[in-house]
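Enquirer: TSV, C-alpha atoms and all ligand atoms, saved as work.tsv, coming up:
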chain	number	residue	atom	x	y	z
A	108	MET	CA	-52.65	-129.69	4.72
A	109	ASP	CA	-49.01	-129.02	5.56
A	110	THR	CA	-48.72	-125.62	7.28
A	111	LYS	CA	-46.08	-124.36	4.86
A	112	VAL	CA	-48.12	-125.40	1.83
A	113	LYS	CA	-51.10	-123.57	3.32
A	114	LEU	CA	-49.00	-120.46	4.00
A	115	LEU	CA	-47.76	-120.43	0.40
A	116	ASN	CA	-51.27	-121.00	-0.94
A	117	ASP	CA	-52.62	-118.12	1.14
A	118	LEU	CA	-49.87	-115.83	-0.17
A	119	LEU	CA	-50.72	-116.80	-3.74
A	120	LYS	CA	-54.27	-115.52	-3.22
A	121	ILE	CA	-53.05	-112.01	-2.43
A	122	SER	CA	-53.59	-109.56	-5.30
A	123	GLY	CA	-50.43	-109.16	-7.38
A	124	ASN	CA	-48.98	-112.52	-6.38
A	125	PHE	CA	-51.00	-114.63	-8.80
A	126	ASN	CA	-49.49	-112.87	-11.80
A	127	CYS	CA	-45.81	-113.43	-12.53
A	128	ALA	CA	-43.81	-110.47	-11.17
A	129	ASP	CA	-41.89	-110.08	-14.42
A	130	CYS	CA	-44.10	-111.04	-17.37
A	131	GLY	CA	-47.57	-110.86	-15.83
A	132	VAL	CA	-48.85	-114.29	-16.89
A	133	LYS	CA	-51.24	-116.00	-14.47
A	134	ASP	CA	-49.37	-119.30	-14.43
A	135	VAL	CA	-47.27	-118.79	-11.28
A	136	THR	CA	-45.26	-121.89	-10.33
A	137	HIS	CA	-42.07	-120.56	-8.71
A	138	ALA	CA	-40.84	-117.86	-6.37
A	139	SER	CA	-37.58	-116.04	-5.74
A	140	TYR	CA	-37.16	-116.27	-1.99
A	141	ASN	CA	-34.42	-113.69	-1.58
A	142	ILE	CA	-36.08	-111.04	-3.77
A	143	GLY	CA	-39.52	-112.07	-2.48
A	144	VAL	CA	-41.55	-112.44	-5.68
A	145	PHE	CA	-43.77	-115.05	-7.32
A	146	LEU	CA	-42.81	-116.08	-10.86
A	147	CYS	CA	-43.83	-118.21	-13.81
A	148	GLN	CA	-41.59	-121.07	-14.91
A	149	THR	CA	-40.01	-119.12	-17.79
A	150	CYS	CA	-39.08	-116.12	-15.66
A	151	ALA	CA	-37.81	-118.37	-12.84
A	152	GLY	CA	-35.51	-119.99	-15.42
A	153	ILE	CA	-34.15	-116.57	-16.37
A	154	HIS	CA	-33.68	-115.68	-12.68
A	155	ASN	CA	-31.57	-118.84	-12.34
A	156	LEU	CA	-29.36	-117.66	-15.21
A	157	LEU	CA	-28.61	-114.44	-13.30
A	158	GLY	CA	-26.95	-116.53	-10.58
A	159	SER	CA	-27.90	-117.19	-6.96
A	160	HIS	CA	-26.12	-114.03	-5.80
A	161	ILE	CA	-28.95	-112.12	-7.55
A	162	SER	CA	-31.94	-114.43	-7.24
A	163	LYS	CA	-32.64	-117.75	-5.53
A	164	THR	CA	-35.69	-119.55	-6.87
A	165	LYS	CA	-37.72	-122.57	-5.82
A	166	HIS	CA	-40.69	-124.44	-7.21
A	167	LEU	CA	-43.73	-123.70	-5.08
A	168	THR	CA	-44.85	-127.30	-4.65
A	169	LEU	CA	-41.96	-129.54	-5.70
A	170	ASP	CA	-39.25	-127.96	-3.52
A	171	HIS	CA	-38.85	-127.87	0.24
A	172	TRP	CA	-39.51	-124.47	1.81
A	173	GLU	CA	-38.08	-123.01	5.02
A	174	LEU	CA	-40.40	-120.88	7.11
A	175	SER	CA	-37.96	-117.95	6.87
A	176	GLN	CA	-38.15	-118.11	3.06
A	177	ILE	CA	-41.94	-118.06	3.14
A	178	ASN	CA	-41.82	-115.10	5.52
A	179	ARG	CA	-39.63	-113.23	3.06
A	180	LEU	CA	-42.30	-113.73	0.37
A	181	LYS	CA	-44.91	-112.53	2.87
A	182	ASP	CA	-42.89	-109.41	3.73
A	183	VAL	CA	-42.27	-108.46	0.11
A	184	GLY	CA	-44.60	-109.99	-2.50
A	185	ASN	CA	-45.14	-108.88	-6.07
A	186	THR	CA	-46.84	-105.53	-5.40
A	187	LYS	CA	-44.16	-104.24	-3.04
A	188	ALA	CA	-41.35	-105.57	-5.23
A	189	LYS	CA	-42.81	-103.77	-8.24
A	190	LEU	CA	-42.75	-100.48	-6.32
A	191	LYS	CA	-39.07	-101.01	-5.63
A	192	TYR	CA	-37.70	-102.56	-8.82
A	193	GLU	CA	-39.93	-100.75	-11.32
A	194	ALA	CA	-40.00	-97.36	-9.61
A	195	ARG	CA	-38.48	-95.53	-12.56
A	196	VAL	CA	-39.21	-97.57	-15.66
A	197	PRO	CA	-39.27	-95.04	-18.54
A	198	ILE	CA	-42.75	-94.39	-19.85
A	199	ASN	CA	-41.82	-95.62	-23.35
A	200	TRP	CA	-39.94	-98.70	-22.23
A	201	THR	CA	-40.79	-101.81	-24.26
A	202	ARG	CA	-42.04	-104.32	-21.71
A	203	PRO	CA	-42.59	-108.01	-22.26
A	204	THR	CA	-46.23	-108.96	-22.66
A	205	GLY	CA	-45.94	-112.63	-21.72
A	206	SER	CA	-45.91	-113.75	-25.36
A	207	ALA	CA	-44.03	-116.98	-26.02
A	208	ARG	CA	-41.78	-115.27	-28.58
A	209	GLU	CA	-40.34	-112.81	-26.11
A	210	THR	CA	-37.76	-114.80	-24.17
A	211	LEU	CA	-34.92	-112.47	-25.22
A	212	LEU	CA	-36.86	-109.36	-24.24
A	213	LEU	CA	-37.69	-111.03	-20.90
A	214	GLU	CA	-34.02	-111.80	-20.26
A	215	HIS	CA	-33.17	-108.16	-20.89
A	216	TRP	CA	-36.01	-106.96	-18.64
A	217	ILE	CA	-35.10	-109.24	-15.74
A	218	ASN	CA	-31.43	-108.36	-16.11
A	219	ALA	CA	-32.21	-104.63	-16.06
A	220	LYS	CA	-34.60	-104.98	-13.09
A	221	TYR	CA	-32.62	-107.14	-10.70
A	222	ALA	CA	-29.01	-107.60	-11.88
A	223	ARG	CA	-28.37	-103.93	-12.71
A	224	GLU	CA	-31.28	-102.42	-10.76
A	225	ASP	CA	-31.74	-99.83	-13.50
A	226	PHE	CA	-35.10	-98.58	-12.24
A	227	ILE	CA	-34.79	-98.31	-8.46
A	228	GLN	CA	-35.10	-95.00	-6.62
A	229	GLY	CA	-32.02	-93.29	-5.30
A	230	LYS	CA	-29.71	-94.50	-8.06
A	231	GLN	CA	-28.60	-92.42	-11.01
A	232	PRO	CA	-30.69	-93.72	-13.94
A	233	PRO	CA	-28.46	-95.14	-16.68
A	234	PRO	CA	-28.33	-92.81	-19.74
A	235	TYR	CA	-29.81	-95.42	-22.08
A	236	THR	CA	-33.08	-95.34	-20.09
A	237	GLN	CA	-33.31	-91.65	-21.01
A	238	GLY	CA	-32.75	-92.17	-24.72
A	239	LEU	CA	-29.04	-91.35	-24.62
A	240	MET	CA	-26.40	-93.75	-25.82
A	241	GLU	CA	-22.97	-93.83	-27.35
A	242	GLY	CA	-20.84	-96.78	-28.39
A	243	HIS	CA	-19.71	-99.16	-31.09
A	244	MET	CA	-21.64	-101.73	-33.03
A	245	TYR	CA	-20.52	-103.78	-36.02
A	246	LYS	CA	-22.29	-102.54	-39.14
A	247	ARG	CA	-22.65	-104.49	-42.36
A	248	ALA	CA	-21.03	-102.79	-45.38
A	249	ARG	CA	-23.29	-101.86	-48.28
A	250	GLU	CA	-21.03	-103.31	-50.93
A	251	ASN	CA	-20.07	-106.64	-49.33
A	252	SER	CA	-21.02	-108.90	-46.45
A	253	ASN	CA	-18.31	-107.67	-44.07
A	254	TYR	CA	-19.13	-105.98	-40.77
A	255	TYR	CA	-17.03	-103.06	-39.51
A	256	PRO	CA	-17.01	-101.39	-36.08
A	257	ARG	CA	-18.78	-98.07	-36.25
A	258	LYS	CA	-19.41	-95.51	-33.56
A	259	PHE	CA	-23.11	-94.74	-33.02
A	260	VAL	CA	-24.44	-91.78	-31.02
A	261	LEU	CA	-28.03	-91.32	-29.91
A	262	ASP	CA	-28.74	-87.87	-28.49
A	263	GLY	CA	-32.46	-88.27	-27.86
A	264	LYS	CA	-33.35	-86.65	-31.19
A	265	THR	CA	-31.23	-88.32	-33.86
A	266	LEU	CA	-29.08	-91.40	-34.28
A	267	ARG	CA	-25.73	-90.82	-35.96
A	268	TYR	CA	-22.93	-93.11	-36.97
A	269	TYR	CA	-19.36	-92.43	-37.87
A	270	VAL	CA	-16.90	-94.14	-40.18
A	271	LYS	CA	-14.07	-91.93	-38.88
A	272	GLU	CA	-14.78	-90.68	-35.42
A	273	THR	CA	-12.84	-87.46	-35.90
A	274	LYS	CA	-14.89	-86.52	-38.95
A	275	SER	CA	-18.53	-85.60	-39.31
A	276	PRO	CA	-21.10	-88.40	-39.10
A	277	LYS	CA	-21.59	-90.62	-42.12
A	278	THR	CA	-25.34	-90.62	-41.61
A	279	ILE	CA	-27.74	-88.72	-39.37
A	280	ILE	CA	-30.89	-90.76	-38.86
A	281	ASN	CA	-34.18	-89.10	-38.12
A	282	LEU	CA	-36.07	-91.20	-35.55
A	283	GLN	CA	-39.58	-90.37	-36.75
A	284	HIS	CA	-40.12	-93.42	-38.95
A	285	ILE	CA	-37.39	-95.66	-37.58
A	286	SER	CA	-38.17	-99.37	-37.07
A	287	LEU	CA	-36.01	-101.81	-35.16
A	288	PHE	CA	-35.97	-105.57	-35.40
A	289	ILE	CA	-33.95	-107.71	-33.02
A	290	ASN	CA	-32.33	-110.86	-34.42
A	291	PRO	CA	-34.03	-111.03	-37.83
A	292	VAL	CA	-33.91	-114.58	-39.14
A	293	LYS	CA	-31.70	-113.70	-42.12
A	294	MET	CA	-28.97	-112.42	-39.74
A	295	GLN	CA	-28.96	-115.38	-37.39
A	296	ASP	CA	-26.08	-117.09	-39.23
A	297	LEU	CA	-23.87	-114.42	-37.70
A	298	GLY	CA	-24.14	-116.14	-34.34
A	299	PHE	CA	-24.23	-112.79	-32.53
A	300	PRO	CA	-27.09	-110.69	-31.16
A	301	CYS	CA	-28.07	-108.39	-34.02
A	302	MET	CA	-30.56	-105.78	-35.14
A	303	GLN	CA	-32.00	-104.37	-38.33
A	304	ILE	CA	-32.52	-100.60	-38.29
A	305	ASP	CA	-34.93	-99.26	-40.93
A	306	HIS	CA	-35.27	-95.55	-41.50
A	307	ILE	CA	-36.44	-93.26	-44.28
A	308	VAL	CA	-34.05	-91.44	-46.62
A	309	ASN	CA	-35.60	-89.18	-49.26
A	310	GLY	CA	-38.89	-91.04	-49.15
A	311	SER	CA	-37.44	-94.54	-49.32
A	312	THR	CA	-36.59	-97.03	-46.63
A	313	ARG	CA	-32.92	-97.64	-45.89
A	314	HIS	CA	-31.90	-100.82	-44.06
A	315	ILE	CA	-28.91	-100.91	-41.72
A	316	PHE	CA	-27.68	-104.19	-40.20
A	317	VAL	CA	-25.69	-104.21	-36.97
A	318	TYR	CA	-24.51	-106.68	-34.36
A	319	HIS	CA	-22.74	-106.69	-31.02
A	320	LYS	CA	-21.31	-109.63	-29.12
A	321	ASP	CA	-23.23	-108.59	-26.00
A	322	ALA	CA	-27.00	-109.02	-26.30
A	323	GLU	CA	-27.53	-106.47	-23.53
A	324	ILE	CA	-25.86	-103.76	-25.64
A	325	ILE	CA	-28.15	-104.50	-28.58
A	326	TRP	CA	-31.18	-104.34	-26.26
A	327	GLN	CA	-30.01	-101.08	-24.70
A	328	TRP	CA	-29.74	-99.56	-28.17
A	329	TYR	CA	-33.20	-100.90	-28.95
A	330	GLN	CA	-34.76	-99.46	-25.79
A	331	SER	CA	-33.02	-96.10	-25.97
A	332	ILE	CA	-33.93	-95.55	-29.64
A	333	MET	CA	-37.56	-96.56	-28.99
A	334	ILE	CA	-37.71	-94.28	-25.92
A	335	SER	CA	-36.47	-91.34	-28.01
A	336	LYS	CA	-38.74	-92.13	-30.95
A	337	LEU	CA	-41.87	-92.51	-28.86
A	338	SER	CA	-41.23	-89.44	-26.74
A	339	GLN	CA	-40.99	-87.44	-29.98
A	340	HIS	CA	-44.28	-88.94	-31.17
A	341	LYS	CA	-46.05	-88.21	-27.94
A	342	SER	CA	-45.20	-84.56	-28.19
A	343	ILE	CA	-47.04	-84.40	-31.54
A	344	ASP	CA	-49.48	-87.30	-31.23
A	345	SER	CA	-51.98	-87.64	-28.40
A	346	SER	CA	-53.04	-91.18	-29.32
A	347	ASN	CA	-50.56	-92.62	-26.79
A	348	GLU	CA	-49.16	-95.28	-29.01
A	349	GLU	CA	-47.79	-98.16	-26.98
A	350	PRO	CA	-44.24	-99.33	-27.63
A	351	THR	CA	-44.27	-102.54	-29.61
A	352	ASN	CA	-41.66	-105.12	-30.38
A	353	PRO	CA	-42.79	-106.17	-33.83
A	354	GLN	CA	-41.53	-109.24	-35.58
A	355	LEU	CA	-40.40	-108.96	-39.16
A	356	GLN	CA	-42.32	-111.00	-41.69
A	357	GLU	CA	-39.73	-111.81	-44.35
A	358	GLY	CA	-39.12	-114.31	-47.09
A	359	TRP	CA	-38.99	-115.07	-50.79
A	360	LEU	CA	-42.09	-114.52	-52.89
A	361	TRP	CA	-42.64	-114.47	-56.65
A	362	LYS	CA	-44.07	-111.19	-57.83
A	363	ALA	CA	-46.16	-110.64	-60.93
A	364	GLY	CA	-48.91	-108.36	-62.11
A	365	PRO	CA	-50.90	-106.50	-63.05
A	366	VAL	CA	-51.60	-108.63	-66.15
A	367	PRO	CA	-51.41	-112.43	-66.41
A	368	THR	CA	-48.63	-112.33	-69.03
A	369	TYR	CA	-46.30	-110.53	-66.65
A	370	THR	CA	-43.11	-112.44	-65.75
A	371	HIS	CA	-42.87	-113.83	-62.24
A	372	ARG	CA	-39.81	-112.50	-60.46
A	373	LYS	CA	-38.35	-113.89	-57.27
A	374	ARG	CA	-37.97	-111.14	-54.68
A	375	TRP	CA	-37.11	-110.94	-50.98
A	376	PHE	CA	-40.18	-109.47	-49.29
A	377	THR	CA	-40.18	-107.64	-45.97
A	378	LEU	CA	-43.31	-106.57	-44.14
A	379	ASP	CA	-42.63	-103.80	-41.62
A	380	ASN	CA	-45.97	-102.67	-40.27
A	381	ARG	CA	-47.54	-100.73	-43.19
A	382	LYS	CA	-44.61	-101.06	-45.56
A	383	LEU	CA	-44.39	-104.11	-47.80
A	384	MET	CA	-40.96	-103.94	-49.40
A	385	TYR	CA	-39.25	-106.14	-51.96
A	386	HIS	CA	-35.59	-106.63	-52.71
A	387	LEU	CA	-33.29	-108.55	-55.03
A	388	ASP	CA	-31.20	-109.67	-52.05
A	389	PRO	CA	-32.18	-109.94	-48.36
A	390	PHE	CA	-29.32	-107.59	-47.43
A	391	ASP	CA	-29.97	-104.86	-49.97
A	392	ALA	CA	-29.59	-101.43	-48.39
A	393	TYR	CA	-32.67	-100.13	-50.20
A	394	PRO	CA	-35.79	-101.98	-51.30
A	395	LYS	CA	-36.37	-102.19	-55.02
A	396	GLY	CA	-39.94	-101.20	-54.35
A	397	GLU	CA	-42.16	-100.50	-51.38
A	398	ILE	CA	-45.90	-100.68	-51.13
A	399	PHE	CA	-47.73	-98.63	-48.51
A	400	LEU	CA	-50.53	-100.72	-47.03
A	401	GLY	CA	-53.53	-98.53	-46.26
A	402	ASP	CA	-56.77	-99.26	-44.47
A	403	ALA	CA	-59.06	-101.68	-46.34
A	404	SER	CA	-62.20	-100.01	-44.98
A	405	SER	CA	-61.28	-96.72	-46.67
A	406	GLY	CA	-61.23	-98.43	-50.07
A	407	GLY	CA	-58.62	-99.20	-52.66
A	408	TYR	CA	-56.86	-101.95	-50.69
A	409	LYS	CA	-57.96	-105.55	-50.96
A	410	LEU	CA	-56.36	-108.92	-50.46
A	411	GLN	CA	-57.58	-111.90	-52.47
A	412	ASP	CA	-56.80	-115.48	-51.70
A	413	ARG	CA	-55.94	-116.32	-55.31
A	414	GLY	CA	-53.84	-115.02	-58.16
A	415	PHE	CA	-53.40	-116.29	-61.69
A	416	GLY	CA	-53.29	-119.99	-60.85
A	417	GLU	CA	-52.17	-121.19	-64.27
A	418	GLN	CA	-49.31	-118.67	-64.36
A	419	SER	CA	-47.85	-119.42	-60.98
A	420	HIS	CA	-45.93	-122.61	-61.85
A	421	GLY	CA	-47.56	-124.69	-59.16
A	422	ARG	CA	-46.89	-122.09	-56.51
A	423	CYS	CA	-49.57	-120.74	-54.17
A	424	SER	CA	-50.80	-117.32	-55.28
A	425	PHE	CA	-52.64	-114.44	-53.74
A	426	SER	CA	-53.28	-110.92	-54.96
A	427	LEU	CA	-52.87	-107.56	-53.31
A	428	HIS	CA	-54.88	-104.69	-54.75
A	429	THR	CA	-53.77	-101.15	-53.98
A	430	PRO	CA	-55.11	-97.89	-55.40
A	431	TYR	CA	-52.04	-97.77	-57.66
A	432	ARG	CA	-51.53	-101.31	-58.83
A	433	THR	CA	-52.38	-104.97	-58.34
A	434	PHE	CA	-49.62	-107.33	-57.26
A	435	ILE	CA	-49.87	-111.06	-57.82
A	436	LEU	CA	-47.67	-112.78	-55.26
A	437	SER	CA	-46.95	-116.45	-54.88
A	438	SER	CA	-45.09	-118.56	-52.39
A	439	GLU	CA	-43.61	-122.04	-52.37
A	440	THR	CA	-46.05	-123.56	-49.90
A	441	GLU	CA	-49.66	-123.10	-48.85
A	442	GLN	CA	-48.51	-122.55	-45.26
A	443	ASP	CA	-46.14	-119.79	-46.31
A	444	LYS	CA	-48.88	-118.13	-48.32
A	445	LEU	CA	-51.23	-118.30	-45.35
A	446	SER	CA	-48.72	-116.56	-43.09
A	447	TRP	CA	-48.35	-113.71	-45.62
A	448	VAL	CA	-52.10	-113.41	-46.20
A	449	ASN	CA	-52.68	-113.30	-42.44
A	450	ALA	CA	-49.93	-110.77	-41.77
A	451	ILE	CA	-50.91	-108.41	-44.64
A	452	GLY	CA	-54.63	-108.87	-43.89
A	453	GLU	CA	-54.06	-107.91	-40.26
A	454	VAL	CA	-52.39	-104.65	-41.36
A	455	LEU	CA	-55.15	-103.80	-43.86
A	456	ARG	CA	-57.86	-104.28	-41.21
A	457	ARG	CA	-56.19	-101.85	-38.82
A	458	PRO	CA	-57.27	-98.19	-39.04
A	459	LEU	CA	-54.52	-95.68	-39.84
A	460	ASN	CA	-53.12	-93.84	-36.84
A	461	GLN	CA	-51.38	-90.48	-36.92
A	462	GLN	CA	-47.96	-92.00	-37.49
A	463	ASP	CA	-49.26	-94.15	-40.37
A	464	LYS	CA	-50.70	-91.06	-42.05
A	465	GLU	CA	-47.38	-89.28	-41.75
A	466	LEU	CA	-45.59	-92.28	-43.22
A	467	GLN	CA	-48.09	-92.43	-46.07
A	468	SER	CA	-47.55	-88.78	-46.86
A	469	VAL	CA	-43.77	-89.24	-46.92
A	470	LEU	CA	-43.99	-92.19	-49.31
A	471	VAL	CA	-46.86	-91.02	-51.49
A	472	LYS	CA	-45.71	-87.44	-51.78
A	473	LYS	CA	-42.53	-88.76	-53.38
A	474	ARG	CA	-44.51	-90.73	-55.95
A	475	SER	CA	-46.22	-87.65	-57.31
A	476	THR	CA	-42.95	-85.78	-57.95
A	477	ALA	CA	-41.59	-86.58	-61.38
A	478	LEU	CA	-37.88	-86.37	-60.67
A	479	ASN	CA	-37.42	-88.46	-57.60
A	480	PRO	CA	-35.83	-91.82	-56.86
A	481	LEU	CA	-38.82	-93.41	-55.14
A	482	ASN	CA	-41.04	-92.83	-58.14
A	483	ASN	CA	-38.59	-94.87	-60.14
A	484	LEU	CA	-38.32	-97.44	-57.40
A	485	LEU	CA	-42.05	-97.88	-57.24
A	486	SER	CA	-42.57	-98.16	-60.97
A	487	ARG	CA	-39.56	-100.40	-61.53
A	488	SER	CA	-40.34	-104.08	-61.12
A	501	ZN	ZN	-43.06	-114.69	-16.08
Render the structure in this file as structure tokens.
Ligand SMILES: [Zn+2]
Expert:
Amino acid sequence: MDTKVKLLNDLLKISGNFNCADCGVKDVTHASYNIGVFLCQTCAGIHNLLGSHISKTKHLTLDHWELSQINRLKDVGNTKAKLKYEARVPINWTRPTGSARETLLLEHWINAKYAREDFIQGKQPPPYTQGLMEGHMYKRARENSNYYPRKFVLDGKTLRYYVKETKSPKTIINLQHISLFINPVKMQDLGFPCMQIDHIVNGSTRHIFVYHKDAEIIWQWYQSIMISKLSQHKSIDSSNEEPTNPQLQEGWLWKAGPVPTYTHRKRWFTLDNRKLMYHLDPFDAYPKGEIFLGDASSGGYKLQDRGFGEQSHGRCSFSLHTPYRTFILSSETEQDKLSWVNAIGEVLRRPLNQQDKELQSVLVKKRSTALNPLNNLLSRS
């Protein structure tokens, strides 16, 4: 065997080196020979996008290696590089998990690690890594589809935005039940990196839609809000919830129930963890109704793979039973139905954690009060 090939193979056997330095997958095929780390193909591709002044990559077997380059990998390697480039990653930072859907999160992670060196010792940590941020994003108006620049301020406890910067904030957002979704499908026509921000106002979810031309800015808002939210949770919740980067399940469904004669109405459905919301329009600021999804094992919640077949106009139906009401839902295709049944079923099988219980109390408490908007929202179709 060629000496260099043997040297590289021996290095790959060292603990740390056989998992990609950036996403952790075991399929290591490349290395960055100036940084000194072993990488998977996806991460090597992102390193190339940073430019060769930041990272120089080669394929481990298809490219020609100089001895000096191999020695650099020997001197550094993934374990040592991690100590340097990830020395101060915030505890609640959302890291990539190696899932195929996370290319954008990976780009942001690799950018932060090597291009900006946000986490190395001896450098002032950027404010966003401490849950502090201030700047402009374009926010969609409630009454039309225009986006206007708005100043947002995150102080570690609340997120505020201003219509007029000299005046008091238009909205102060409590971070407790905030959810963030990067690039939801319905916003992708914009052509810019964007985010949906969901929070609770008087017991109902409020959607805010924002974009920025720079994807890094959107990601920094995402990370800093999540860091603030999770650090607040940890002070009251010892379950050590891991940061997640959930995907939104969204789309049109026909809603009927609880009796077969009920009219089927086309609604835009959004599943955000334990909240199944429905809207007249995908960009409505408030859902027309929201259904808290509890834990199936504790009773009252059940998902059935069929609805009222003869009433569903050839569509594919399923039914969702909750302690309050049964919903008959139908989708255009069997595949679409399956994705909803799987997503809702996965939520119902999961036990409630502390945060879920708090959310449930916020939503349910509102239902029991006679004069409140959510009660109307929930009973309205
Ligand atoms: Zn990787």
Enquirer: Using all atoms listed in the file, find each protein or nucleic acid residue lying at most 10 Å from ligand ZN 501 (chain A); present the set as a PyMOL selection string.
Expert: chain A and resi 126-137+145-153+203-206+210+213+217
Enquirer: With a distance cut-off of 10 Å and all atoms listed in the file, select the neighbouring residues of segment 315-326 of chain A, excluding the residue or stretch itself and same-chain residues fewer than 6 positions from it, and output the selection as a VMD selection string.
Expert: chain A and resid 211 to 212 214 to 216 218 to 219 235 242 to 249 254 to 257 287 to 291 294 297 to 306 332 390 to 393
Enquirer: Quick one, how far is atom CA of Asp262 of chain A from atom CA of Pro197 of chain A?
Expert: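 Atom CA of Pro197 of chain A lies 16.2 Å from atom CA of Asp262 of chain A.
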Enquirer: May I ask which of the residues A:Asp412, A:Arg456, A:Ser468, A:Lys274 is the closest one to Glu441 of chain A, counting only C-alpha atoms?
Expert: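 Of A:Asp412, A:Arg456, A:Ser468, A:Lys274, the one nearest Glu441 of chain A is A:Asp412, counting only C-alpha atoms.
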Enquirer: Between atom CA of Thr433 of chain A and atom CA of Ile307 of chain A, what is the distance in Å, rounded to a tenth?
Expert: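 Computing the Euclidean distance for atom CA of Thr433 of chain A and atom CA of Ile307 of chain A yields 24.3 Å.
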Enquirer: How many Å separate atom CA of Lys189 of chain A from atom CA of Ser175 of chain A?
Expert: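 Computing it gives 21.3 Å between the two atoms.
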Enquirer: Using all atoms listed in the file, which of A:Tyr329, A:Tyr408, A:Phe125, A:Phe434 sits nearest Ala363 of chain A?
Expert: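 Closest to Ala363 of chain A, using all atoms listed in the file: A:Phe434.
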Enquirer: May I have the residues within 8 Å of Glu241 of chain A as a PyMOL selection string, using all atoms listed in the file and disregarding those fewer than 4 positions away in the same chain?
Expert: chain A and resi 258-261
Enquirer: Can you tell me, as a list in words, what residues are no more than 9 Å from Leu466 of chain A when counting all atoms listed in the file, ignoring any on the same chain fewer than 4 positions away?
Expert: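 Counting all atoms listed in the file, the residues come to His284, Arg381, Phe399, Gln461, Gln462, Leu470 and Val471 of chain A.
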Enquirer: With all atoms listed in the file as the basis for distance, which of A:Arg195, A:Lys264, A:Gln354, A:Asp182 is at the shortest distance from Pro233 of chain A?
Expert: A:Arg195
Enquirer: Between A:Asn185, A:Ser437, A:Thr312, A:Gln330, which has the minimum distance to His386 of chain A (counting only C-alpha atoms)?
Expert: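 For His386 of chain A, the nearest of the candidates is A:Thr312.
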Enquirer: When you look at Ser162 of chain A with a cut-off of 8 Å (counting all atoms listed in the file), what residues show up, excluding the ones that are within fewer than 2 positions of it in the same chain? I need them as a ChimeraX atom specification.
Expert: /A:139-142,154-155,157-160,164
Enquirer: Please dump the current selection as a short mmCIF file (atom, residue, chain, number, x, y, z; two decimals), keeping the file's coordinate frame; keep C-alpha atoms.
Expert:
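Ended up saving to result-v6.cif:
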data_model
loop_
_atom_site.label_atom_id
_atom_site.label_comp_id
_atom_site.auth_asym_id
_atom_site.auth_seq_id
_atom_site.Cartn_x
_atom_site.Cartn_y
_atom_site.Cartn_z
CA SER A 139 -37.58 -116.04 -5.74
CA TYR A 140 -37.16 -116.27 -1.99
CA ASN A 141 -34.42 -113.69 -1.58
CA ILE A 142 -36.08 -111.04 -3.77
CA HIS A 154 -33.68 -115.68 -12.68
CA ASN A 155 -31.57 -118.84 -12.34
CA LEU A 157 -28.61 -114.44 -13.30
CA GLY A 158 -26.95 -116.53 -10.58
CA SER A 159 -27.90 -117.19 -6.96
CA HIS A 160 -26.12 -114.03 -5.80
CA THR A 164 -35.69 -119.55 -6.87
#
